[in-house]
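**Q** coords.txt is the file, holding compact mmCIF, C-alpha atoms (C1' of nucleotides):
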```
# COMPACT_ATOMS: atom_id res chain seq x y z
CA MET A 1 13.06 8.35 -14.51
CA ILE A 2 14.79 5.29 -15.89
CA TYR A 3 13.19 5.77 -19.27
CA MET A 4 14.14 9.44 -19.35
CA ALA A 5 17.65 8.45 -18.35
CA THR A 6 17.85 6.19 -21.38
CA ARG A 7 16.78 9.17 -23.50
CA SER A 8 18.06 12.42 -22.05
CA VAL A 9 21.65 11.89 -23.06
CA ALA A 10 22.24 15.40 -24.31
CA GLY A 11 19.48 17.14 -22.42
CA GLU A 12 16.82 16.21 -24.94
CA LYS A 13 13.23 16.52 -23.84
CA THR A 14 10.88 13.58 -23.79
CA GLY A 15 7.14 14.07 -24.09
CA LEU A 16 4.61 12.79 -21.57
CA LYS A 17 2.92 10.57 -24.12
CA GLU A 18 6.16 8.87 -25.05
CA ILE A 19 7.14 8.31 -21.43
CA ALA A 20 3.75 6.91 -20.46
CA GLU A 21 3.81 4.49 -23.38
CA ALA A 22 7.37 3.41 -22.70
CA ILE A 23 6.57 2.35 -19.15
CA ASN A 24 3.00 1.24 -19.79
CA SER A 25 1.51 3.69 -17.32
CA PRO A 26 -1.58 5.86 -17.82
CA GLN A 27 -0.77 9.30 -19.24
CA ALA A 28 -2.66 11.40 -16.72
CA PHE A 29 -1.25 9.47 -13.79
CA THR A 30 2.25 9.62 -15.19
CA ALA A 31 1.78 13.37 -15.59
CA LYS A 32 1.03 13.77 -11.89
CA ILE A 33 4.13 11.88 -10.90
CA LEU A 34 6.22 13.93 -13.30
CA GLN A 35 4.78 17.12 -11.80
CA ASN A 36 6.00 15.89 -8.45
CA LEU A 37 9.47 15.12 -9.74
CA VAL A 38 9.57 18.59 -11.28
CA LYS A 39 8.45 20.18 -8.00
CA ASP A 40 11.24 18.31 -6.19
CA GLY A 41 13.82 19.49 -8.70
CA LEU A 42 14.76 16.13 -10.16
CA VAL A 43 13.24 16.84 -13.54
CA SER A 44 12.81 19.98 -15.61
CA SER A 45 9.90 20.57 -17.93
CA THR A 46 9.07 22.90 -20.76
CA LYS A 47 5.70 23.52 -22.33
CA GLY A 48 4.80 24.13 -25.90
CA PRO A 49 5.85 22.44 -29.15
CA HIS A 50 8.89 20.21 -28.67
CA GLY A 51 8.35 20.61 -24.94
CA GLY A 52 8.65 17.75 -22.53
CA PHE A 53 10.57 16.45 -19.57
CA CYS A 54 14.27 16.11 -18.96
CA ILE A 55 16.35 14.89 -16.06
CA LYS A 56 18.10 17.84 -14.49
CA ARG A 57 21.34 16.37 -13.20
CA PRO A 58 23.77 13.79 -14.52
CA THR A 59 22.20 10.36 -14.09
CA ALA A 60 25.31 9.15 -12.30
CA GLU A 61 24.55 11.65 -9.54
CA ILE A 62 20.92 10.77 -8.96
CA PHE A 63 20.44 7.90 -6.56
CA LEU A 64 17.31 5.79 -6.43
CA ALA A 65 16.59 6.83 -2.86
CA GLU A 66 15.94 10.40 -4.00
CA ILE A 67 13.45 9.27 -6.59
CA VAL A 68 11.62 6.95 -4.21
CA ALA A 69 11.43 9.69 -1.58
CA SER A 70 10.04 12.16 -4.11
CA ILE A 71 7.33 9.80 -5.35
CA ASP A 72 6.42 7.82 -2.24
CA GLY A 73 7.60 9.93 0.67
CA ASP A 74 9.76 8.69 3.52
CA GLN A 75 7.62 5.95 5.10
CA LEU A 76 9.63 3.28 3.31
CA PHE A 77 12.70 4.62 5.09
CA ILE A 78 11.34 5.41 8.52
CA GLY A 79 7.98 3.61 8.98
CA CYS A 80 7.68 0.87 11.60
CA ALA A 81 7.07 -2.67 10.33
CA LEU A 82 4.35 -3.22 12.91
CA GLY A 83 2.85 0.22 12.43
CA LEU A 84 3.92 1.77 15.71
CA GLU A 85 3.86 5.53 15.67
CA LYS A 86 6.99 5.68 17.78
CA CYS A 87 9.41 2.84 17.11
CA THR A 88 12.92 3.62 18.30
CA GLU A 89 15.90 2.00 20.01
CA ASP A 90 14.35 3.17 23.27
CA HIS A 91 10.92 1.79 22.48
CA PRO A 92 11.40 -0.76 19.70
CA CYS A 93 8.63 -2.83 18.19
CA ALA A 94 8.90 -6.59 18.41
CA VAL A 95 10.66 -6.95 15.07
CA HIS A 96 12.62 -3.71 15.21
CA TYR A 97 16.15 -5.08 14.97
CA LYS A 98 15.41 -7.89 12.56
CA PHE A 99 13.62 -5.43 10.35
CA LYS A 100 16.23 -2.73 10.73
CA ALA A 101 18.85 -4.97 9.17
CA VAL A 102 16.70 -5.55 6.11
CA ARG A 103 15.76 -1.92 5.82
CA ASP A 104 19.37 -0.82 6.13
CA HIS A 105 20.09 -3.15 3.26
CA LEU A 106 17.27 -1.67 1.19
CA THR A 107 18.16 1.90 2.07
CA GLY A 108 21.84 1.23 1.37
CA MET A 109 20.98 -0.21 -2.01
CA LEU A 110 18.81 2.75 -2.92
CA GLN A 111 21.41 5.23 -1.69
CA THR A 112 24.26 3.67 -3.63
CA THR A 113 22.52 2.69 -6.84
CA HIS A 114 22.30 5.60 -9.23
CA LEU A 115 20.11 6.06 -12.26
CA GLU A 116 22.96 5.41 -14.65
CA ASP A 117 23.54 1.95 -13.14
CA VAL A 118 20.00 1.07 -13.84
CA SER A 119 19.39 2.79 -17.16
CA ASP A 120 22.53 1.30 -18.66
CA ARG A 121 21.02 -2.15 -18.22
CA VAL A 122 17.98 -1.02 -20.15
CA ILE A 123 20.02 0.62 -22.90
CA THR A 124 22.08 -2.52 -23.39
CA GLY A 125 18.93 -4.64 -23.48
CA LEU A 126 19.70 -6.54 -20.30
CA SER A 127 16.55 -5.40 -18.58
CA PHE A 128 13.15 -3.90 -19.30
CA LEU A 129 10.68 -1.20 -18.33
CA LYS A 130 7.54 -3.05 -19.33
CA THR A 131 6.31 -6.42 -20.40
CA GLY A 132 3.57 -5.48 -22.77
CA THR A 133 1.08 -6.55 -20.13
CA ASN A 134 1.86 -4.71 -16.95
CA LYS A 135 -0.15 -4.77 -13.78
CA ARG A 136 -0.12 -1.04 -13.13
CA MET B 1 -0.01 -13.25 16.63
CA ILE B 2 2.81 -11.90 18.74
CA TYR B 3 0.43 -10.89 21.50
CA MET B 4 -1.26 -14.29 21.44
CA ALA B 5 2.16 -15.90 21.55
CA THR B 6 2.91 -14.01 24.74
CA ARG B 7 -0.35 -15.34 26.16
CA SER B 8 -1.14 -18.79 24.83
CA VAL B 9 1.49 -20.57 26.82
CA ALA B 10 -0.67 -23.52 27.81
CA GLY B 11 -3.25 -23.26 25.07
CA GLU B 12 -5.24 -20.55 26.83
CA LYS B 13 -7.71 -18.60 24.73
CA THR B 14 -7.46 -14.87 24.37
CA GLY B 15 -10.53 -12.80 23.55
CA LEU B 16 -10.83 -10.46 20.60
CA LYS B 17 -11.31 -7.45 22.80
CA GLU B 18 -8.16 -8.14 24.76
CA ILE B 19 -6.10 -8.70 21.62
CA ALA B 20 -7.36 -5.56 19.92
CA GLU B 21 -6.58 -3.47 22.99
CA ALA B 22 -3.15 -5.01 23.41
CA ILE B 23 -2.07 -4.04 19.91
CA ASN B 24 -4.08 -0.84 19.66
CA SER B 25 -6.03 -1.98 16.61
CA PRO B 26 -9.77 -1.58 15.99
CA GLN B 27 -11.79 -4.56 17.24
CA ALA B 28 -13.81 -5.22 14.11
CA PHE B 29 -10.77 -4.95 11.89
CA THR B 30 -8.73 -7.18 14.17
CA ALA B 31 -11.58 -9.69 14.04
CA LYS B 32 -11.35 -9.87 10.24
CA ILE B 33 -7.65 -10.54 10.36
CA LEU B 34 -8.14 -13.21 13.01
CA GLN B 35 -10.80 -14.85 10.84
CA ASN B 36 -8.22 -15.04 8.12
CA LEU B 37 -5.61 -16.57 10.39
CA VAL B 38 -8.19 -19.12 11.52
CA LYS B 39 -9.10 -19.93 7.92
CA ASP B 40 -5.41 -20.49 7.15
CA GLY B 41 -5.00 -22.80 10.11
CA LEU B 42 -2.59 -20.68 12.12
CA VAL B 43 -5.06 -19.90 14.86
CA SER B 44 -7.96 -21.81 16.39
CA SER B 45 -11.04 -20.13 17.74
CA THR B 46 -13.92 -21.09 19.98
CA LYS B 47 -17.15 -19.25 20.48
CA GLY B 48 -19.19 -18.79 23.60
CA PRO B 49 -18.23 -17.89 27.15
CA HIS B 50 -14.50 -18.18 27.77
CA GLY B 51 -14.13 -18.47 24.04
CA GLY B 52 -11.39 -16.72 22.11
CA PHE B 53 -8.37 -17.29 19.94
CA CYS B 54 -5.36 -19.46 20.41
CA ILE B 55 -2.28 -20.16 18.33
CA LYS B 56 -2.50 -23.70 17.01
CA ARG B 57 1.12 -24.80 16.81
CA PRO B 58 4.16 -24.25 19.03
CA THR B 59 5.35 -20.68 18.53
CA ALA B 60 8.84 -21.95 17.78
CA GLU B 61 7.46 -23.64 14.68
CA ILE B 62 5.57 -20.70 13.24
CA PHE B 63 7.74 -18.44 11.10
CA LEU B 64 6.90 -14.84 10.34
CA ALA B 65 6.70 -15.54 6.62
CA GLU B 66 3.63 -17.72 7.15
CA ILE B 67 1.86 -14.99 9.07
CA VAL B 68 2.70 -12.30 6.54
CA ALA B 69 1.53 -14.52 3.69
CA SER B 70 -1.75 -15.23 5.46
CA ILE B 71 -2.50 -11.58 6.17
CA ASP B 72 -1.03 -9.80 3.13
CA GLY B 73 -0.74 -12.46 0.46
CA ASP B 74 2.38 -13.18 -1.55
CA GLN B 75 3.04 -9.91 -3.34
CA LEU B 76 5.71 -8.98 -0.81
CA PHE B 77 7.53 -12.16 -1.80
CA ILE B 78 6.99 -12.24 -5.54
CA GLY B 79 5.88 -8.77 -6.69
CA CYS B 80 8.12 -6.76 -9.02
CA ALA B 81 9.63 -3.56 -7.63
CA LEU B 82 8.73 -1.66 -10.80
CA GLY B 83 5.31 -3.27 -11.09
CA LEU B 84 5.99 -5.49 -14.10
CA GLU B 85 3.51 -8.30 -14.45
CA LYS B 86 6.23 -10.62 -15.60
CA CYS B 87 9.61 -9.96 -14.01
CA THR B 88 11.95 -12.94 -14.28
CA GLU B 89 15.58 -13.79 -14.92
CA ASP B 90 14.60 -14.03 -18.58
CA HIS B 91 12.84 -10.71 -18.63
CA PRO B 92 14.04 -8.78 -15.58
CA CYS B 93 12.98 -5.27 -14.68
CA ALA B 94 15.66 -2.60 -14.45
CA VAL B 95 16.22 -3.11 -10.73
CA HIS B 96 15.59 -6.85 -10.65
CA TYR B 97 18.93 -8.05 -9.31
CA LYS B 98 19.54 -5.19 -6.92
CA PHE B 99 16.07 -5.68 -5.55
CA LYS B 100 16.32 -9.44 -5.48
CA ALA B 101 19.21 -9.27 -3.03
CA VAL B 102 17.20 -7.13 -0.65
CA ARG B 103 14.12 -9.26 -1.00
CA ASP B 104 16.08 -12.44 -0.41
CA HIS B 105 17.31 -10.82 2.77
CA LEU B 106 13.77 -9.93 3.83
CA THR B 107 12.36 -13.31 2.86
CA GLY B 108 15.20 -15.08 4.60
CA MET B 109 14.61 -13.09 7.75
CA LEU B 110 10.89 -13.85 7.71
CA GLN B 111 11.50 -17.52 7.00
CA THR B 112 14.00 -17.98 9.79
CA THR B 113 12.50 -15.80 12.49
CA HIS B 114 9.82 -17.62 14.40
CA LEU B 115 7.13 -16.26 16.66
CA GLU B 116 8.92 -17.35 19.78
CA ASP B 117 11.98 -15.27 18.87
CA VAL B 118 9.82 -12.24 18.65
CA SER B 119 7.35 -12.83 21.48
CA ASP B 120 10.16 -13.56 23.94
CA ARG B 121 11.41 -10.03 23.46
CA VAL B 122 7.97 -8.73 24.35
CA ILE B 123 7.63 -11.02 27.36
CA THR B 124 10.98 -9.90 28.73
CA GLY B 125 10.06 -6.26 28.18
CA LEU B 126 12.71 -5.63 25.53
CA SER B 127 10.19 -4.64 22.90
CA PHE B 128 6.61 -3.52 22.50
CA LEU B 129 3.38 -4.07 20.63
CA LYS B 130 2.03 -0.55 20.91
CA THR B 131 3.04 2.91 21.95
CA GLY B 132 -0.16 4.23 23.41
CA THR B 133 -0.57 6.35 20.29
CA ASN B 134 -0.30 4.14 17.26
CA LYS B 135 -0.85 5.15 13.71
CA ARG B 136 -2.98 2.21 12.60
C1' DA C 1 -0.39 38.44 -33.36
C1' DT C 2 -2.26 33.97 -33.90
C1' DA C 3 -2.54 29.13 -33.83
C1' DA C 4 -0.89 24.87 -32.28
C1' DA C 5 1.42 21.97 -29.04
C1' DT C 6 2.36 20.67 -24.58
C1' DA C 7 2.76 20.74 -19.50
C1' DA C 8 0.36 22.53 -14.99
C1' DG C 9 -3.18 22.38 -11.88
C1' DG C 10 -7.69 21.80 -9.91
C1' DA C 11 -11.75 19.02 -9.54
C1' DT C 12 -13.56 14.72 -9.79
C1' DA C 13 -13.92 9.59 -10.24
C1' DA C 14 -12.74 4.76 -9.62
C1' DA C 15 -10.42 1.17 -7.21
C1' DA C 16 -8.28 -0.79 -3.30
C1' DA C 17 -7.37 -0.94 1.48
C1' DT C 18 -9.01 -0.22 5.87
C1' DA C 19 -12.69 -0.20 9.09
C1' DT C 20 -17.49 -0.60 10.98
C1' DC C 21 -22.10 -2.47 11.81
C1' DC C 22 -25.38 -5.85 12.38
C1' DT C 23 -27.23 -10.41 12.18
C1' DT C 24 -26.23 -15.29 12.65
C1' DT C 25 -24.01 -19.24 14.64
C1' DA C 26 -21.90 -21.87 18.21
C1' DA C 27 -20.54 -22.76 22.88
C1' DT C 28 -21.14 -22.49 27.90
C1' DA C 29 -23.45 -22.02 32.24
C1' DT C 30 -27.56 -22.01 34.76
C1' DA D 1 -34.26 -25.68 27.59
C1' DT D 2 -32.86 -20.99 28.04
C1' DA D 3 -30.01 -17.13 28.48
C1' DT D 4 -25.58 -15.34 27.81
C1' DT D 5 -21.20 -14.86 25.78
C1' DA D 6 -18.21 -14.60 22.00
C1' DA D 7 -16.69 -15.51 17.21
C1' DA D 8 -18.32 -15.80 12.04
C1' DG D 9 -19.90 -13.71 8.19
C1' DG D 10 -22.22 -10.52 5.17
C1' DA D 11 -23.21 -5.84 4.00
C1' DT D 12 -21.81 -1.35 4.20
C1' DA D 13 -18.93 2.77 5.08
C1' DT D 14 -14.66 5.42 5.19
C1' DT D 15 -10.08 6.49 3.77
C1' DT D 16 -6.28 6.24 0.80
C1' DT D 17 -4.37 5.36 -3.47
C1' DT D 18 -4.68 5.37 -8.14
C1' DA D 19 -6.49 7.44 -12.16
C1' DT D 20 -9.14 10.62 -15.25
C1' DC D 21 -11.01 14.93 -17.07
C1' DC D 22 -11.01 19.52 -18.19
C1' DT D 23 -9.43 24.16 -18.09
C1' DT D 24 -5.43 27.24 -17.85
C1' DA D 25 -0.79 28.69 -18.72
C1' DT D 26 3.38 28.65 -21.45
C1' DT D 27 6.19 27.93 -25.38
C1' DT D 28 7.13 27.58 -30.35
C1' DA D 29 6.28 28.22 -35.18
C1' DT D 30 4.05 30.71 -38.68
```
Translate the structure of the given file into structure tokens.

**A**
Amino acid sequence: MIYMATRSVAGEKTGLKEIAEAINSPQAFTAKILQNLVKDGLVSSTKGPHGGFCIKRPTAEIFLAEIVASIDGDQLFIGCALGLEKCTEDHPCAVHYKFKAVRDHLTGMLQTTHLEDVSDRVITGLSFLKTGTNKR
Amino acid sequence: MIYMATRSVAGEKTGLKEIAEAINSPQAFTAKILQNLVKDGLVSSTKGPHGGFCIKRPTAEIFLAEIVASIDGDQLFIGCALGLEKCTEDHPCAVHYKFKAVRDHLTGMLQTTHLEDVSDRVITGLSFLKTGTNKR
DNA sequence: ATAAATAAGGATAAAAATATCCTTTAATAT
DNA sequence: ATATTAAAGGATATTTTTATCCTTATTTAT
């Protein structure tokens, strides 16, 4: 998403191959994740020559939380740190409140940081999407 | 560890079976994790009748960070949010600083919260180690 | 219309995390 | 000494996550 954001300024498409290379992620795997993002309406795709993927909405309106939820589901946001099925104010796990503070911080960050924030740093060369030797 | 903390007041041993039941975790799997904690010096174990596991140091001196590191390794503390092999101030990933703030919060919490903090809440009935129907 | 390019989707495979089983080792009690 | 209890450790199995492969569907250019 960040790479596409650095590219889809005027609604230009970016091909799978290019995206996968840019983030040093296997093509087929990247394709599956893109399919998911398409299914969830964050990205549009077109087949055929000059086809590819494109972010649907303005990058300043897409927050990281949406992307994380689309790719990884909601466990990051609602799962219990100790793995309890039911972990609530009524029946909190032993680290519920300590953990809640951290999670609220994380959730808040993801809900207030939009793609533009992040992609701008890449465009200006302040940060990176790969190292040349990534782990995954 | 939290369950043992609620039990090993005067250096009493707690058996594997009892621990596994208390936290609703499979016995054999719990045993592997306990082996690890023993190897890392957080827990002592004795075999034979009346054998079992016991936390080695005062619970007020064992911080959650140590336990997490023993069980899950250090990726939680040092891993890059975007999966870059090398993610540093010099070569930061696109969410490095945003993520760093959250991680510092998490790390800080784990490094300042000790077992006693957490087990006391269980002892006084304010929080719980299982629900009856856990996920894992 | 046909060929070429490209994503979609289903089936499968590989790797990692989670979990189990069984044999061995050590401690205790008789 | 022997039997019993309980953890240690190695091998294996299951599940989940990560990744690949191959066929199909769609779009564009000729």

**Q** Taking 4 positions as the minimum chain separation for residues in the same chain, which residues sit within 10 Å of stretch 70-84 of chain B when counting only C-alpha atoms (C1' of nucleotides)? Answer as a PyMOL selection string.

**A** (chain A and resi 23-24+128-136) or (chain B and resi 32-34+36-42+64-66+88+91-96+99-100+103-104+106-107)

**Q** Give the answer as one residue: which of D:DA29, D:DA1, D:DA13, D:DA8 has the shortest atom-to-atom distance to chain B, using only C-alpha atoms (C1' of nucleotides)?

**A** D:DA8

**Q** Do you know which residues lie at most 10 Å from (-0.7, 18.9, -17.2), with coordinates as in the file and all atoms listed in the file counted, and could you write them as an mmCIF file with C-alpha atoms (C1' of nucleotides), in the coordinates of the input?

**A**
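The resulting file, selection.cif, is shown below:
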```
data_model
loop_
_atom_site.group_PDB
_atom_site.id
_atom_site.type_symbol
_atom_site.label_atom_id
_atom_site.label_comp_id
_atom_site.auth_asym_id
_atom_site.auth_seq_id
_atom_site.Cartn_x
_atom_site.Cartn_y
_atom_site.Cartn_z
ATOM 1 C CA LEU A 16 4.610 12.790 -21.570
ATOM 2 C CA GLN A 27 -0.770 9.300 -19.240
ATOM 3 C CA ALA A 28 -2.660 11.400 -16.720
ATOM 4 C CA THR A 30 2.250 9.620 -15.190
ATOM 5 C CA ALA A 31 1.780 13.370 -15.590
ATOM 6 C CA LYS A 32 1.030 13.770 -11.890
ATOM 7 C CA LEU A 34 6.220 13.930 -13.300
ATOM 8 C CA GLN A 35 4.780 17.120 -11.800
ATOM 9 C CA LYS A 47 5.700 23.520 -22.330
ATOM 10 C "C1'" DT C 6 2.360 20.670 -24.580
ATOM 11 C "C1'" DA C 7 2.760 20.740 -19.500
ATOM 12 C "C1'" DA C 8 0.360 22.530 -14.990
ATOM 13 C "C1'" DG C 9 -3.180 22.380 -11.880
ATOM 14 C "C1'" DT D 24 -5.430 27.240 -17.850
ATOM 15 C "C1'" DA D 25 -0.790 28.690 -18.720
#
```

**Q** Nearest to chain A: which of D:DT23, D:DT12, D:DT5, D:DT28 is it, counting all atoms listed in the file?

**A**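 Nearest candidate to chain A out of D:DT23, D:DT12, D:DT5, D:DT28: D:DT28.
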
**Q** For a quick test of understanding: name the residues of chain A lying within 8 Å of chain D when counting all atoms listed in the file, and present them as a list in words.

**A**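 Taking all atoms listed in the file into account, Pro26, Ala28, Phe29, Thr46, Lys47, Gly48, Pro49, His50 and Gly51 of chain A sit within 8 Å of chain D.
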
**Q** Give the superposed chain B as a short mmCIF file (atom, residue, chain, number, x, y, z; two decimals) with C-alpha atoms, keeping the file's coordinate frame, the fit being least squares on chain A over all ordered C-alpha pairs.

**A**
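Final output, saved to part_5.cif:
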```cif
data_model
loop_
_atom_site.label_atom_id
_atom_site.label_comp_id
_atom_site.auth_asym_id
_atom_site.auth_seq_id
_atom_site.Cartn_x
_atom_site.Cartn_y
_atom_site.Cartn_z
CA MET B 1 13.06 8.36 -14.51
CA ILE B 2 14.79 5.30 -15.89
CA TYR B 3 13.19 5.78 -19.29
CA MET B 4 14.15 9.45 -19.35
CA ALA B 5 17.67 8.46 -18.35
CA THR B 6 17.86 6.22 -21.38
CA ARG B 7 16.77 9.17 -23.50
CA SER B 8 18.06 12.44 -22.09
CA VAL B 9 21.63 11.89 -23.09
CA ALA B 10 22.26 15.42 -24.33
CA GLY B 11 19.49 17.16 -22.45
CA GLU B 12 16.81 16.20 -24.95
CA LYS B 13 13.21 16.52 -23.83
CA THR B 14 10.90 13.57 -23.79
CA GLY B 15 7.14 14.05 -24.06
CA LEU B 16 4.62 12.78 -21.57
CA LYS B 17 2.94 10.57 -24.11
CA GLU B 18 6.18 8.87 -25.04
CA ILE B 19 7.15 8.30 -21.42
CA ALA B 20 3.76 6.90 -20.46
CA GLU B 21 3.82 4.49 -23.39
CA ALA B 22 7.38 3.41 -22.70
CA ILE B 23 6.57 2.35 -19.15
CA ASN B 24 3.00 1.23 -19.79
CA SER B 25 1.50 3.67 -17.30
CA PRO B 26 -1.60 5.83 -17.77
CA GLN B 27 -0.78 9.26 -19.22
CA ALA B 28 -2.66 11.39 -16.72
CA PHE B 29 -1.27 9.46 -13.78
CA THR B 30 2.25 9.61 -15.18
CA ALA B 31 1.79 13.36 -15.58
CA LYS B 32 1.02 13.74 -11.86
CA ILE B 33 4.13 11.86 -10.89
CA LEU B 34 6.23 13.93 -13.29
CA GLN B 35 4.78 17.10 -11.78
CA ASN B 36 6.00 15.87 -8.45
CA LEU B 37 9.48 15.12 -9.75
CA VAL B 38 9.58 18.60 -11.28
CA LYS B 39 8.46 20.17 -8.00
CA ASP B 40 11.25 18.31 -6.19
CA GLY B 41 13.84 19.49 -8.67
CA LEU B 42 14.75 16.12 -10.15
CA VAL B 43 13.24 16.83 -13.53
CA SER B 44 12.81 19.99 -15.59
CA SER B 45 9.90 20.55 -17.90
CA THR B 46 9.07 22.90 -20.74
CA LYS B 47 5.71 23.52 -22.29
CA GLY B 48 4.81 24.16 -25.88
CA PRO B 49 5.90 22.49 -29.11
CA HIS B 50 8.92 20.25 -28.64
CA GLY B 51 8.35 20.62 -24.95
CA GLY B 52 8.65 17.73 -22.52
CA PHE B 53 10.59 16.45 -19.56
CA CYS B 54 14.26 16.12 -18.96
CA ILE B 55 16.34 14.88 -16.05
CA LYS B 56 18.10 17.85 -14.49
CA ARG B 57 21.34 16.38 -13.19
CA PRO B 58 23.77 13.78 -14.54
CA THR B 59 22.19 10.36 -14.09
CA ALA B 60 25.30 9.16 -12.29
CA GLU B 61 24.55 11.65 -9.53
CA ILE B 62 20.91 10.78 -8.97
CA PHE B 63 20.42 7.89 -6.56
CA LEU B 64 17.30 5.78 -6.43
CA ALA B 65 16.58 6.82 -2.86
CA GLU B 66 15.94 10.40 -3.99
CA ILE B 67 13.44 9.26 -6.59
CA VAL B 68 11.62 6.94 -4.22
CA ALA B 69 11.43 9.68 -1.59
CA SER B 70 10.02 12.14 -4.11
CA ILE B 71 7.34 9.77 -5.37
CA ASP B 72 6.41 7.79 -2.24
CA GLY B 73 7.59 9.90 0.67
CA ASP B 74 9.74 8.66 3.52
CA GLN B 75 7.62 5.93 5.08
CA LEU B 76 9.62 3.25 3.30
CA PHE B 77 12.70 4.60 5.07
CA ILE B 78 11.33 5.39 8.51
CA GLY B 79 7.99 3.59 8.95
CA CYS B 80 7.67 0.87 11.59
CA ALA B 81 7.07 -2.67 10.35
CA LEU B 82 4.34 -3.21 12.94
CA GLY B 83 2.84 0.24 12.44
CA LEU B 84 3.93 1.80 15.73
CA GLU B 85 3.87 5.56 15.67
CA LYS B 86 6.99 5.70 17.75
CA CYS B 87 9.42 2.86 17.09
CA THR B 88 12.93 3.65 18.30
CA GLU B 89 15.90 2.03 20.00
CA ASP B 90 14.35 3.22 23.25
CA HIS B 91 10.94 1.83 22.47
CA PRO B 92 11.40 -0.72 19.69
CA CYS B 93 8.63 -2.80 18.18
CA ALA B 94 8.90 -6.57 18.43
CA VAL B 95 10.64 -6.93 15.08
CA HIS B 96 12.62 -3.69 15.21
CA TYR B 97 16.15 -5.07 14.97
CA LYS B 98 15.40 -7.88 12.56
CA PHE B 99 13.61 -5.42 10.35
CA LYS B 100 16.22 -2.73 10.73
CA ALA B 101 18.85 -4.97 9.17
CA VAL B 102 16.69 -5.55 6.12
CA ARG B 103 15.76 -1.92 5.82
CA ASP B 104 19.37 -0.83 6.12
CA HIS B 105 20.08 -3.18 3.26
CA LEU B 106 17.27 -1.69 1.18
CA THR B 107 18.17 1.88 2.06
CA GLY B 108 21.81 1.22 1.36
CA MET B 109 20.98 -0.24 -2.02
CA LEU B 110 18.79 2.74 -2.92
CA GLN B 111 21.39 5.20 -1.70
CA THR B 112 24.24 3.66 -3.63
CA THR B 113 22.51 2.69 -6.85
CA HIS B 114 22.29 5.59 -9.23
CA LEU B 115 20.11 6.05 -12.27
CA GLU B 116 22.95 5.41 -14.65
CA ASP B 117 23.55 1.95 -13.15
CA VAL B 118 20.00 1.06 -13.84
CA SER B 119 19.39 2.81 -17.16
CA ASP B 120 22.54 1.30 -18.67
CA ARG B 121 21.03 -2.13 -18.23
CA VAL B 122 17.98 -1.00 -20.16
CA ILE B 123 20.04 0.64 -22.89
CA THR B 124 22.09 -2.50 -23.40
CA GLY B 125 18.94 -4.62 -23.49
CA LEU B 126 19.70 -6.53 -20.30
CA SER B 127 16.54 -5.38 -18.58
CA PHE B 128 13.15 -3.89 -19.29
CA LEU B 129 10.68 -1.21 -18.34
CA LYS B 130 7.53 -3.04 -19.34
CA THR B 131 6.31 -6.42 -20.41
CA GLY B 132 3.58 -5.52 -22.82
CA THR B 133 1.07 -6.55 -20.16
CA ASN B 134 1.85 -4.73 -16.97
CA LYS B 135 -0.17 -4.77 -13.83
CA ARG B 136 -0.11 -1.06 -13.05
#
```

**Q** I'd like to know which of A:Lys98, A:Gly15, A:Ser45, A:Lys86 is closest to B:Thr112, using all atoms listed in the file.

**A** A:Lys98

**Q** Would you list the contacts of B:Tyr3 as a PyMOL selection string, taking every protein, DNA or RNA residue within 12 Å and counting only C-alpha atoms (C1' of nucleotides), but skipping same-chain residues closer than 6 positions in sequence?

**A** (chain A and resi 93-94) or (chain B and resi 9+13-16+18-24+53-55+59+115-116+118-123+127-130)

**Q** Take the residues just selected and output them with C-alpha atoms as a tab-separated table (two decimals), in the frame of the given file.

**A**
```
chain	number	residue	atom	x	y	z
A	93	CYS	CA	8.63	-2.83	18.19
A	94	ALA	CA	8.90	-6.59	18.41
B	9	VAL	CA	1.49	-20.57	26.82
B	13	LYS	CA	-7.71	-18.60	24.73
B	14	THR	CA	-7.46	-14.87	24.37
B	15	GLY	CA	-10.53	-12.80	23.55
B	16	LEU	CA	-10.83	-10.46	20.60
B	18	GLU	CA	-8.16	-8.14	24.76
B	19	ILE	CA	-6.10	-8.70	21.62
B	20	ALA	CA	-7.36	-5.56	19.92
B	21	GLU	CA	-6.58	-3.47	22.99
B	22	ALA	CA	-3.15	-5.01	23.41
B	23	ILE	CA	-2.07	-4.04	19.91
B	24	ASN	CA	-4.08	-0.84	19.66
B	53	PHE	CA	-8.37	-17.29	19.94
B	54	CYS	CA	-5.36	-19.46	20.41
B	55	ILE	CA	-2.28	-20.16	18.33
B	59	THR	CA	5.35	-20.68	18.53
B	115	LEU	CA	7.13	-16.26	16.66
B	116	GLU	CA	8.92	-17.35	19.78
B	118	VAL	CA	9.82	-12.24	18.65
B	119	SER	CA	7.35	-12.83	21.48
B	120	ASP	CA	10.16	-13.56	23.94
B	121	ARG	CA	11.41	-10.03	23.46
B	122	VAL	CA	7.97	-8.73	24.35
B	123	ILE	CA	7.63	-11.02	27.36
B	127	SER	CA	10.19	-4.64	22.90
B	128	PHE	CA	6.61	-3.52	22.50
B	129	LEU	CA	3.38	-4.07	20.63
B	130	LYS	CA	2.03	-0.55	20.91
```

**Q** Find the distance between atom CA of B:Lys17 and atom C1' of C:DT18 and write it in Å to one decimal.

**A**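 Interatomic distance, atom CA of B:Lys17 to atom C1' of C:DT18: 18.6 Å.
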
**Q** Calculate how many Å separate atom CA of A:Pro58 from atom CA of A:Gln111, rounding to one decimal.

**A**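 Here the two named atoms are 15.6 Å from each other.
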
**Q** If you take all atoms listed in the file and a cut-off of 6 Å, which residues of chain C touch chain B, and what are their nearest atom pairs and distances in Å to one decimal, in chain and number order, as a tab-separated table?

**A**
```
residue	atom	partner	partner_atom	distance
C:DA19	C1'	B:Phe29	CA	5.8
C:DA26	C1'	B:Lys47	CA	5.9
C:DA27	C1'	B:Gly48	CA	4.3
C:DT28	C1'	B:Pro49	CA	5.5
```
